[in-house]
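The structure appears below as structure tokens.
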Amino acid sequence: MSIDLADLSTAPSSQGFPRQGFPRNEDGPVFREPWEAQAFALAKSLQERGVFSATEWAAALGAEIKQAQAAGDPDTGETYYHHWLAALERLVAAKGLADTRSLARNREAWRRACARTPHGAPIALEPGDFND
């Protein structure tokens with residue numbers, strides 16, 4: 001399934017995704033990093049496939065943001081997609097698509113790969129990144 005991110009910016013808010021309020025230019029939505037767009041598209045795709053409802057998504061994202069604010073997140077918008085990803089991971093685990101251990105293992109593998117990769121170079125996962 002391919003998702004046209006420009007179309008997502010005009011989706012009715014009843015679908016659980018923001019109609020306005022995220023960065024855009026004349027071509028449509030703009031994300032700070034590619035992973036933000038990928039997280040957005042993945043959440044949208046999973047909702048469209050019925051994995052979770054708009055109500056479930058809104059509740060999960062709202063809970064993540066509220067938890068972050070309670071922990072001192074200044075809510076400047078720079079961490080929004082971190083909350084988006086946390087909500088997505090929580091729902092994926094709750095729905096049994098992946099367990100929290102696998103999610104944590106993959107997150108740690110990406111952290112290791114990022115740490116060793118020079119700025120501007122593509123990040124490549126290696127088998128050793130998945131060692132516990």
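FYI, nothing fancy with the structure tokens labels: chains A, B, ... in order, residues from 1 per chain, ligands from 1 as they appear.
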
>> I'd like the neighbourhood of segment 104-117 of chain A as JSON, numbers by chain, where a residue qualifies if any of its atoms comes within 10 Å (using only C-alpha atoms), though same-chain residues fewer than 2 positions away should be ignored.
In response: {"A": [89, 99, 100, 101, 102, 119, 120, 121, 122, 123, 124, 125, 126, 127, 128, 129, 130, 131, 132]}

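Near Leu61 of chain A, within 9 Å and counting only C-alpha atoms, sit A:His83, A:Trp84, A:Leu85, A:Ala86, A:Ala87, A:Leu88, not including residues fewer than 6 positions from it in the same chain.
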
> Near Leu91 of chain A, counting only C-alpha atoms, which residues have an atom at most 10 Å away, once you skip same-chain residues fewer than 6 positions from it, shown as a VMD selection string?
Replying inline: chain A and resid 43 51 to 52 56 to 57 60 to 61 85 97 to 98

Got time to write the residues from that selection, all heavy atoms, as a PDB file, in the first residue's frame?
ATOM      1  N   ALA A  43       1.467   4.479  10.769  1.00  0.00           N
ATOM      2  CA  ALA A  43       0.291   4.598  11.633  1.00  0.00           C
ATOM      3  C   ALA A  43      -0.973   4.740  10.796  1.00  0.00           C
ATOM      4  O   ALA A  43      -1.996   4.102  11.077  1.00  0.00           O
ATOM      5  CB  ALA A  43       0.451   5.782  12.586  1.00  0.00           C
ATOM      6  N   VAL A  51      -6.223  -2.243  12.064  1.00  0.00           N
ATOM      7  CA  VAL A  51      -5.448  -2.744  13.198  1.00  0.00           C
ATOM      8  C   VAL A  51      -5.849  -2.008  14.473  1.00  0.00           C
ATOM      9  O   VAL A  51      -5.947  -2.608  15.548  1.00  0.00           O
ATOM     10  CB  VAL A  51      -3.931  -2.628  12.933  1.00  0.00           C
ATOM     11  CG1 VAL A  51      -3.120  -2.993  14.158  1.00  0.00           C
ATOM     12  CG2 VAL A  51      -3.547  -3.502  11.744  1.00  0.00           C
ATOM     13  N   PHE A  52      -6.094  -0.722  14.357  1.00  0.00           N
ATOM     14  CA  PHE A  52      -6.618   0.061  15.470  1.00  0.00           C
ATOM     15  C   PHE A  52      -7.520   1.153  14.913  1.00  0.00           C
ATOM     16  O   PHE A  52      -7.426   1.510  13.746  1.00  0.00           O
ATOM     17  CB  PHE A  52      -5.507   0.650  16.355  1.00  0.00           C
ATOM     18  CG  PHE A  52      -4.433   1.396  15.609  1.00  0.00           C
ATOM     19  CD1 PHE A  52      -4.622   2.705  15.190  1.00  0.00           C
ATOM     20  CD2 PHE A  52      -3.214   0.787  15.343  1.00  0.00           C
ATOM     21  CE1 PHE A  52      -3.627   3.392  14.507  1.00  0.00           C
ATOM     22  CE2 PHE A  52      -2.210   1.466  14.658  1.00  0.00           C
ATOM     23  CZ  PHE A  52      -2.425   2.774  14.236  1.00  0.00           C
ATOM     24  N   GLU A  56      -8.752   4.707  19.246  1.00  0.00           N
ATOM     25  CA  GLU A  56      -7.607   4.081  19.926  1.00  0.00           C
ATOM     26  C   GLU A  56      -6.332   4.879  19.671  1.00  0.00           C
ATOM     27  O   GLU A  56      -5.528   5.080  20.581  1.00  0.00           O
ATOM     28  CB  GLU A  56      -7.402   2.644  19.436  1.00  0.00           C
ATOM     29  CG  GLU A  56      -8.446   1.667  19.895  1.00  0.00           C
ATOM     30  CD  GLU A  56      -8.243   0.307  19.259  1.00  0.00           C
ATOM     31  OE1 GLU A  56      -8.340   0.213  18.006  1.00  0.00           O
ATOM     32  OE2 GLU A  56      -7.986  -0.655  20.005  1.00  0.00           O
ATOM     33  N   TRP A  57      -6.145   5.307  18.410  1.00  0.00           N
ATOM     34  CA  TRP A  57      -4.946   6.073  18.072  1.00  0.00           C
ATOM     35  C   TRP A  57      -4.898   7.381  18.848  1.00  0.00           C
ATOM     36  O   TRP A  57      -3.878   7.732  19.438  1.00  0.00           O
ATOM     37  CB  TRP A  57      -4.856   6.340  16.572  1.00  0.00           C
ATOM     38  CG  TRP A  57      -3.725   7.253  16.262  1.00  0.00           C
ATOM     39  CD1 TRP A  57      -3.792   8.557  15.894  1.00  0.00           C
ATOM     40  CD2 TRP A  57      -2.334   6.952  16.396  1.00  0.00           C
ATOM     41  NE1 TRP A  57      -2.521   9.082  15.766  1.00  0.00           N
ATOM     42  CE2 TRP A  57      -1.615   8.112  16.076  1.00  0.00           C
ATOM     43  CE3 TRP A  57      -1.632   5.807  16.756  1.00  0.00           C
ATOM     44  CZ2 TRP A  57      -0.227   8.165  16.098  1.00  0.00           C
ATOM     45  CZ3 TRP A  57      -0.240   5.856  16.771  1.00  0.00           C
ATOM     46  CH2 TRP A  57       0.440   7.021  16.444  1.00  0.00           C
ATOM     47  N   ALA A  60      -4.052   6.729  22.473  1.00  0.00           N
ATOM     48  CA  ALA A  60      -2.655   6.321  22.676  1.00  0.00           C
ATOM     49  C   ALA A  60      -1.706   7.504  22.509  1.00  0.00           C
ATOM     50  O   ALA A  60      -0.805   7.702  23.332  1.00  0.00           O
ATOM     51  CB  ALA A  60      -2.288   5.199  21.700  1.00  0.00           C
ATOM     52  N   LEU A  61      -1.905   8.283  21.462  1.00  0.00           N
ATOM     53  CA  LEU A  61      -1.037   9.441  21.235  1.00  0.00           C
ATOM     54  C   LEU A  61      -1.227  10.474  22.340  1.00  0.00           C
ATOM     55  O   LEU A  61      -0.250  11.014  22.868  1.00  0.00           O
ATOM     56  CB  LEU A  61      -1.309  10.060  19.859  1.00  0.00           C
ATOM     57  CG  LEU A  61      -0.452  11.269  19.492  1.00  0.00           C
ATOM     58  CD1 LEU A  61       1.036  10.947  19.543  1.00  0.00           C
ATOM     59  CD2 LEU A  61      -0.848  11.789  18.107  1.00  0.00           C
ATOM     60  N   LEU A  85       5.799   7.869  17.633  1.00  0.00           N
ATOM     61  CA  LEU A  85       6.433   6.562  17.543  1.00  0.00           C
ATOM     62  C   LEU A  85       6.180   5.732  18.802  1.00  0.00           C
ATOM     63  O   LEU A  85       5.903   4.532  18.716  1.00  0.00           O
ATOM     64  CB  LEU A  85       7.937   6.719  17.302  1.00  0.00           C
ATOM     65  CG  LEU A  85       8.722   5.437  17.070  1.00  0.00           C
ATOM     66  CD1 LEU A  85       8.178   4.651  15.880  1.00  0.00           C
ATOM     67  CD2 LEU A  85      10.189   5.763  16.862  1.00  0.00           C
ATOM     68  N   LEU A  97       1.115  -7.491  17.334  1.00  0.00           N
ATOM     69  CA  LEU A  97       1.879  -7.513  16.089  1.00  0.00           C
ATOM     70  C   LEU A  97       3.370  -7.679  16.346  1.00  0.00           C
ATOM     71  O   LEU A  97       4.107  -8.167  15.488  1.00  0.00           O
ATOM     72  CB  LEU A  97       1.630  -6.238  15.295  1.00  0.00           C
ATOM     73  CG  LEU A  97       0.179  -5.997  14.867  1.00  0.00           C
ATOM     74  CD1 LEU A  97       0.050  -4.659  14.160  1.00  0.00           C
ATOM     75  CD2 LEU A  97      -0.311  -7.119  13.973  1.00  0.00           C
ATOM     76  N   ALA A  98       3.814  -7.256  17.494  1.00  0.00           N
ATOM     77  CA  ALA A  98       5.210  -7.417  17.934  1.00  0.00           C
ATOM     78  C   ALA A  98       5.200  -7.342  19.453  1.00  0.00           C
ATOM     79  O   ALA A  98       4.357  -6.661  20.031  1.00  0.00           O
ATOM     80  CB  ALA A  98       6.102  -6.324  17.355  1.00  0.00           C
TER      81      ALA A  98
END

> atom CA of Arg90 of chain A and atom CA of Lys66 of chain A, how far apart in Å?
Replying inline: 14.6 Å

> If you run DSSP on this backbone, which residues of segment 31-117 of chain A come out as helix (DSSP H, G or I), and could you give them as a PyMOL selection string?
Replying inline: chain A and resi 34-48+54-70+80-94+100-116

Please write the residues from the selection above to a file, keeping C-alpha atoms, as a PDB file, in the first residue's frame.
ATOM      1  CA  PRO A  34      12.477  10.740   7.027  1.00  0.00           C
ATOM      2  CA  TRP A  35      11.609   8.482   9.967  1.00  0.00           C
ATOM      3  CA  GLU A  36       8.877  10.935  11.003  1.00  0.00           C
ATOM      4  CA  ALA A  37       7.158  10.561   7.637  1.00  0.00           C
ATOM      5  CA  GLN A  38       7.574   6.792   7.811  1.00  0.00           C
ATOM      6  CA  ALA A  39       6.047   6.640  11.304  1.00  0.00           C
ATOM      7  CA  PHE A  40       3.179   8.839  10.125  1.00  0.00           C
ATOM      8  CA  ALA A  41       2.549   6.657   7.063  1.00  0.00           C
ATOM      9  CA  LEU A  42       2.808   3.422   9.040  1.00  0.00           C
ATOM     10  CA  ALA A  43       0.291   4.598  11.633  1.00  0.00           C
ATOM     11  CA  LYS A  44      -2.065   5.749   8.879  1.00  0.00           C
ATOM     12  CA  SER A  45      -1.713   2.450   7.032  1.00  0.00           C
ATOM     13  CA  LEU A  46      -2.339   0.361  10.151  1.00  0.00           C
ATOM     14  CA  GLN A  47      -5.436   2.389  10.946  1.00  0.00           C
ATOM     15  CA  GLU A  48      -6.736   2.016   7.374  1.00  0.00           C
ATOM     16  CA  ALA A  54      -9.055   6.432  15.201  1.00  0.00           C
ATOM     17  CA  THR A  55     -10.298   6.529  18.791  1.00  0.00           C
ATOM     18  CA  GLU A  56      -7.607   4.081  19.926  1.00  0.00           C
ATOM     19  CA  TRP A  57      -4.946   6.073  18.072  1.00  0.00           C
ATOM     20  CA  ALA A  58      -6.043   9.393  19.537  1.00  0.00           C
ATOM     21  CA  ALA A  59      -6.102   7.919  23.043  1.00  0.00           C
ATOM     22  CA  ALA A  60      -2.655   6.321  22.676  1.00  0.00           C
ATOM     23  CA  LEU A  61      -1.037   9.441  21.235  1.00  0.00           C
ATOM     24  CA  GLY A  62      -2.733  11.664  23.799  1.00  0.00           C
ATOM     25  CA  ALA A  63      -1.523   9.433  26.634  1.00  0.00           C
ATOM     26  CA  GLU A  64       2.067   9.525  25.334  1.00  0.00           C
ATOM     27  CA  ILE A  65       2.023  13.312  25.043  1.00  0.00           C
ATOM     28  CA  LYS A  66       0.448  13.732  28.475  1.00  0.00           C
ATOM     29  CA  GLN A  67       3.038  11.396  30.018  1.00  0.00           C
ATOM     30  CA  ALA A  68       5.883  13.312  28.354  1.00  0.00           C
ATOM     31  CA  GLN A  69       4.516  16.665  29.500  1.00  0.00           C
ATOM     32  CA  ALA A  70       4.224  15.343  33.063  1.00  0.00           C
ATOM     33  CA  TYR A  80       5.968  15.285  18.628  1.00  0.00           C
ATOM     34  CA  TYR A  81       6.980  12.390  16.404  1.00  0.00           C
ATOM     35  CA  HIS A  82       8.874  10.755  19.268  1.00  0.00           C
ATOM     36  CA  HIS A  83       5.484  10.598  21.008  1.00  0.00           C
ATOM     37  CA  TRP A  84       3.922   9.420  17.755  1.00  0.00           C
ATOM     38  CA  LEU A  85       6.433   6.562  17.543  1.00  0.00           C
ATOM     39  CA  ALA A  86       5.980   5.630  21.215  1.00  0.00           C
ATOM     40  CA  ALA A  87       2.206   5.490  20.736  1.00  0.00           C
ATOM     41  CA  LEU A  88       2.637   3.397  17.597  1.00  0.00           C
ATOM     42  CA  GLU A  89       4.945   0.953  19.402  1.00  0.00           C
ATOM     43  CA  ARG A  90       2.513   0.698  22.307  1.00  0.00           C
ATOM     44  CA  LEU A  91      -0.413  -0.096  19.995  1.00  0.00           C
ATOM     45  CA  VAL A  92       1.591  -2.578  17.916  1.00  0.00           C
ATOM     46  CA  ALA A  93       2.516  -4.438  21.107  1.00  0.00           C
ATOM     47  CA  ALA A  94      -1.018  -4.252  22.518  1.00  0.00           C
ATOM     48  CA  THR A 100       7.780  -5.272  23.637  1.00  0.00           C
ATOM     49  CA  ARG A 101      11.026  -7.259  23.897  1.00  0.00           C
ATOM     50  CA  SER A 102      11.374  -7.384  20.093  1.00  0.00           C
ATOM     51  CA  LEU A 103      10.592  -3.695  19.823  1.00  0.00           C
ATOM     52  CA  ALA A 104      13.207  -2.855  22.462  1.00  0.00           C
ATOM     53  CA  ARG A 105      15.765  -5.139  20.777  1.00  0.00           C
ATOM     54  CA  ASN A 106      15.240  -3.438  17.410  1.00  0.00           C
ATOM     55  CA  ARG A 107      15.338   0.028  18.981  1.00  0.00           C
ATOM     56  CA  GLU A 108      18.671  -0.830  20.635  1.00  0.00           C
ATOM     57  CA  ALA A 109      20.051  -2.240  17.364  1.00  0.00           C
ATOM     58  CA  TRP A 110      19.230   1.005  15.572  1.00  0.00           C
ATOM     59  CA  ARG A 111      20.773   3.004  18.435  1.00  0.00           C
ATOM     60  CA  ARG A 112      24.013   1.030  18.103  1.00  0.00           C
ATOM     61  CA  ALA A 113      24.074   1.426  14.324  1.00  0.00           C
ATOM     62  CA  CYS A 114      23.429   5.168  14.580  1.00  0.00           C
ATOM     63  CA  ALA A 115      26.154   5.603  17.183  1.00  0.00           C
ATOM     64  CA  ARG A 116      28.851   4.141  14.931  1.00  0.00           C
TER      65      ARG A 116
END

>> For the strand (DSSP E or B) assignment from backbone DSSP, which residues of chain A qualify? Please present them as a PyMOL selection string.
In response: chain A and resi 24-25+28-29

Save the residues we just selected, all heavy atoms, as a PDB file, in the first residue's frame?
ATOM      1  N   ARG A  24       4.378  21.985   6.659  1.00  0.00           N
ATOM      2  CA  ARG A  24       4.075  21.795   5.249  1.00  0.00           C
ATOM      3  C   ARG A  24       4.727  22.890   4.421  1.00  0.00           C
ATOM      4  O   ARG A  24       5.074  23.928   4.935  1.00  0.00           O
ATOM      5  CB  ARG A  24       2.578  21.730   4.963  1.00  0.00           C
ATOM      6  CG  ARG A  24       1.657  22.549   5.748  1.00  0.00           C
ATOM      7  CD  ARG A  24       0.163  22.370   5.398  1.00  0.00           C
ATOM      8  NE  ARG A  24      -0.126  22.416   3.986  1.00  0.00           N
ATOM      9  CZ  ARG A  24      -0.504  21.353   3.245  1.00  0.00           C
ATOM     10  NH1 ARG A  24      -0.643  20.193   3.804  1.00  0.00           N
ATOM     11  NH2 ARG A  24      -0.729  21.468   1.972  1.00  0.00           N
ATOM     12  N   ASN A  25       4.881  22.601   3.156  1.00  0.00           N
ATOM     13  CA  ASN A  25       5.304  23.617   2.193  1.00  0.00           C
ATOM     14  C   ASN A  25       4.349  23.545   1.016  1.00  0.00           C
ATOM     15  O   ASN A  25       3.295  22.906   1.110  1.00  0.00           O
ATOM     16  CB  ASN A  25       6.778  23.427   1.791  1.00  0.00           C
ATOM     17  CG  ASN A  25       7.016  22.143   1.016  1.00  0.00           C
ATOM     18  OD1 ASN A  25       6.099  21.506   0.492  1.00  0.00           O
ATOM     19  ND2 ASN A  25       8.269  21.738   0.942  1.00  0.00           N
ATOM     20  N   GLY A  28       3.178  20.027   0.166  1.00  0.00           N
ATOM     21  CA  GLY A  28       2.458  19.212   1.139  1.00  0.00           C
ATOM     22  C   GLY A  28       3.215  19.103   2.445  1.00  0.00           C
ATOM     23  O   GLY A  28       4.057  19.943   2.760  1.00  0.00           O
ATOM     24  N   PRO A  29       2.924  18.038   3.205  1.00  0.00           N
ATOM     25  CA  PRO A  29       3.544  17.874   4.516  1.00  0.00           C
ATOM     26  C   PRO A  29       5.066  17.804   4.438  1.00  0.00           C
ATOM     27  O   PRO A  29       5.625  17.232   3.512  1.00  0.00           O
ATOM     28  CB  PRO A  29       2.984  16.554   5.024  1.00  0.00           C
ATOM     29  CG  PRO A  29       1.746  16.347   4.244  1.00  0.00           C
ATOM     30  CD  PRO A  29       1.987  16.978   2.903  1.00  0.00           C
TER      31      PRO A  29
END

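Remark: for Glu33 of chain A, the closest of the candidate residues A:Arg49, A:Lys95, A:Asp73, A:Thr79 is A:Thr79 (distances computed over only C-alpha atoms).
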